[in-house]
Structures are given as structure tokens and as C-alpha cells.
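Let me begin by presenting the structure, written as C-alpha cells, before commenting on it.
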Amino acid sequence: MSEKPILQVVCRLSELRDGSITKARVGNADIVIVRDGALVSAFAGTCPHAGAPLEECAVCDHRLVCPWHKATFLLRDGTVLEPPALDALTRYPVHIAGDDVLVSPEPISAERTIAAPAGPIVLIVGTGAGGTAAAVALRKLGFSGRITMIGDEAREPYDRTVLSKFVLADMKPSDVPPLRRDSYWDEHRIDRVDATVVRLDAAARRVHLADGTILSYDAAVLATGAIANVPTLPGVTLEGVFTLRNRQDAAAIVAHATKGARVVIVGSSFIGLEAASALHERGVHITVVAPEEIPFARQFGPEIGAMFRRLHEANGIVFRLGARISGIEGTETATAVLVEGGERLPADLVVLGLGVSPATGFVDGVEKAQDGGIMVDSTLHADNDLYVVGDSARFPFAGDHVRIEHWRVAQQHGFIAAANIAGITRHYDGVPFFWTYHFGQSFEYLGHADRWDRLHIDGDIDAQRFVALQIRGEEVAGIIACQRERTTAMLIERMRHPLNASEAIGLLRHADV
């Protein structure tokens, strides 16, 4: 009979303030102790998504919010509530004896492997963020039916956000982190099919594959995301012209980005300017051509957009703004980008960063918006047990139907679609979030503002240490921030309900900076 592990005193209860997080070490593990009212919890010290230090989290509304990417966990037991984390926190037993807080060095056992599938069939079309989140959530919620994921990269779902941020800089494509360890899929009885879907018949509940196979389903999740926009201009099919949507694209761009190469990036989108920042690390010469006068002005406003331009220019990026290309020159390989008005920009590599369009052309029997996004309700349901998540979904938000192209939103959607398929009614009431990375700095965006009346800036935008509130009427519609992660972890929880501008400004005055 094995002996029970000896509890260790890690701190004093009287020293734990409500809402405080304290680092400790128990056995060989670094942990955090969190107090939330009368509840004292102990968890492993890093976020299961990307390893963020949990002592820098925010404690809000009985939740723990990761500072880096805003994964959210229930303090009672570490359950994951909001992505990008897909796993619960590792939890350790806590015992209070007088003023002593004691913790066991043995963590509480994780979830067990499920039994063989039986019951309804769920097909998940698409194997990115939203599809993977849906598959994982279905099993966590106790769904015991058959789950099949179908996509061109179904064997290895991975974190696509690192492609433009890090792979183009110095990360090997083979080092892109998977969304799940390889053994996970067999352990949880989730089938993966590498195939191209050529038709989804929503009325008949059938999926047609390129090889002629037809699969029927009881419920389906469409998580195909979007495809890169490619202009109908001369030369766009030449060798050396790329979009960036998958690991193969990133590897091909890197192969062409030899030191001293001349790179032209067409478009000042987030992908375009993240690519500029990353490729700069390879010692290439970069010119960005875009029709906008100020990068990111539509999303962030002219003040912050101008800061991004200054940041890039300070690192040697050359801009041709207010300009459009008329074609790409070359025989078999691109040699130059032609700008309307006659300028010729020599190029060894061209990256198209012109935005994306929903990958929904193969879907029949559902209502689509003009941009191809599929109309869904707040449960992400389109019609006839078809749920649509991520870039392909046009869903209710702030009094309108919107399409938001954020990786984490796709994961939020995946969680919600899975819950509704499993018989647990859930509606999208989350806060959109994304982050963009430029020259060693992470910039966060919370919420979604298509318009605002004024911008309140707390901090110094040129020092890249600030929080900026996009205020519409008296309400905060969006927040842009840099180097204020703990503050934004608190604000993203406050934004789950309407956040008054004066309240938000007051919070900033007292926030840890």
C-alpha cells in the first residue's frame, strides 16, 4: 500500500490577500496559490497553452485570466472556460490548518480516456483552431458519439499563428507546435481524414470528398476558415509569389528569403506587416506596397496606425502607401512588382497580404452573406444541425451580424458549437481577442469596434507601453494595448458586460503598470 504524500506548508493564509496570486514550490514543481474569497486553490505555475507565468494572471469574477493570450480558467477547479488553452490547469490538493496553507506534491488526477464511440456521428470539416477546439470540447463535455475531422492537414492540427510571427523569422517549420500531442486523437477516439471536401450538402447532411467518398452525419461543424485573396493581375502565378496560409507556404517563403534578397509585400494587413517584421530578421530588404495611407487605421485609428508605420520604418522597412500594384514582372520567376503610375520595384520574393475570404464555396443549402460568410445564430447554428465557426461564420455581435477573423474567436466558437451539439445550450457572449507581433513587441486587441467616437490613450504609444480605449458613446468598444498584459487580462473580463468609459479610465489609473 503506497504512502500518502506529505503535505507541505507553502504560505500563510493571513498573508494571502483576496484576489492575490503567490508563487510557491511543492516537491519538484513550481505552483501558484490563488485566493478568491474563502477559496484557496493551487495550480501548476504555467498556462498549458504557451507557458505564460500564472503569477502574472488577473483574478476576476472567480476566474483566472492568462496574461499572454487571455485563456480563462475557473478558479474552483481549473476548468478551461476560454481558449486558446484547450486543457484545464493542473490542480494540487490544498488543506488549511489554522494559518497554514498546505499543498500536496501529488496533483489531482487528470481526465480519463473515454470508451469506444457509440451514438451520433459528428463531422468536423476543417482542422485548424475552430475544428480542433470543437473536437476537444465535445469529448470534455462527455459526448460519446463518433467524431471525424476532415481536412487537408487533418493528421497534424497545429498553431498557425506562429507562421507569420516566428517561422518567417527563425523558427523551423517542423517546430510549429501541434494543437494536441499525437497520441491524443487515438486516446479520445477522434478519427482524422486527410481529404479535400468538394461539397457539403446541408439539407441532406452529407459531405462529398474529392475521391468520391460520401459521408453522412448527424451534426457537423464547418471550420474551414478562409482562403487568401489573390488579385487577378498579370504575374501572380509566377514562381516566387506567395500567400501565407499554411506551414508549406511558410517553408516556401523562407526558402526564397535568403540574406540580401529583395522582398515586396503587397498589402499592409496584419499578415503582411507581421511578415515584414519576421522576414526582417533574415537580413532581407523589404518594401510594403498598400493602398492605405496609414497601416491599421481602420482597426486602430490613425494615431496608433502611424505608430506602427514609424516602428517599421525605424527597422528599415520601406513603405509605398496610397499605391496599388498593376502586375508582377518575370518569365518563370518573379523579378519585379509593377506599381500603378509606373514605378518598378525589383523583387526576388513577393508576399501577398491582401486579406482573406471565407472558404465556403463548396457549401450548399445555407444562407450566405455577400462576402461568403454563412449566417448563424448566437449558438453558431446555421441550419439542420450544421454549425459554422471561425472565419466562415457571420454571427450576432453588438447588435449586428459580423465576421471576425481572429484565431481565438474560432476557438471560442468551437467550444460553443460543441456544447450545443452535446445538448448544452450556449450562446456566444465572449470578448474577441487577438494579438499581433512586431519587432519583439506583442500588441493586443480586445473587443471589436467597427467605429468609435474617440480614443483615450493611457501611456506612451511610441514607447510601446500603453492602453488605448476605443470609446463609442459612453461605452468601451475596443482596446489596443502593449506591455500591459495584466491590465488587459483584467479588462477582458470586465468587457464581458458593457464597460463604461469612465469606469475603464478609472481602472487604468489604478492598474498595475
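In the C-alpha cells, chains take letters A, B, ... by order of appearance, with residues numbered from 1 within each chain and ligands from 1 in the order shown.
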
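Within the 6 Å cut-off around Val288 of chain A, using only C-alpha atoms and omitting residues fewer than 2 positions from it on the same chain, the listed residues are Val264, Ile265, Val266, Phe319 and Arg320 of chain A.
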
Quiz prompt | DSSP-assigned strand (DSSP E) members of segment 89-336 of chain A, reported as a PyMOL selection string | solution = chain A and resi 91-92+94-97+100-103+121-125+146-151+190-194+197-201+206-209+214-216+219-222+226-228+241-242+262-266+285-290+318-321+325-330+334-336

Quiz prompt | Who sits within 7 Å of segment 446-463 of chain A, only C-alpha atoms, same chain under 2 positions skipped, as number ranges by chain | solution = A: 307, 431-434, 444, 465-473, 477-480, 492

Exercise. Tell me, in Å to one decimal, how far atom CA of Ser104 of chain A is from atom CA of Glu187 of chain A.
Key: 28.0 Å

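Atom pair atom CA of Ala336 of chain A / atom CA of Gly355 of chain A has a distance of 21.5 Å (rounded to one decimal).
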
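Distances to Val366 of chain A were evaluated for A:Gln248, A:Asn420, A:Thr237, A:Asn384 using only C-alpha atoms, and the minimum falls at A:Asn384.
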
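Using only C-alpha atoms for every distance, the candidate list A:Ala306, A:Val254, A:Ala42, A:Ala382 yields A:Val254 as the residue closest to Met171 of chain A.
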
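For Ala255 of chain A, the non-local neighbours within 12 Å, defined as residues at least 2 positions apart in the same chain or in other chains and counting only C-alpha atoms, are Val167, Leu168, Ala169, Asp170, Lys172, Pro173, Gly240, Phe242, Gln248, Asp249, Ala250, Ala251, Ala252, Ile253, Ala257, Thr258, Lys259, Ala261, Leu279, Arg282, Asp348 and Leu349 of chain A.
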
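The residue that comes closest to Val221 of chain A, out of A:Gly119, A:Gly414, A:Gly341, A:Gly322 and on the basis of only C-alpha atoms, is A:Gly414.
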
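By chain and then residue number, the residues within 8 Å of Phe362 of chain A are A:Val197, A:Val198, A:Arg199, A:Leu200, counting only C-alpha atoms and disregarding those fewer than 5 positions away in sequence.
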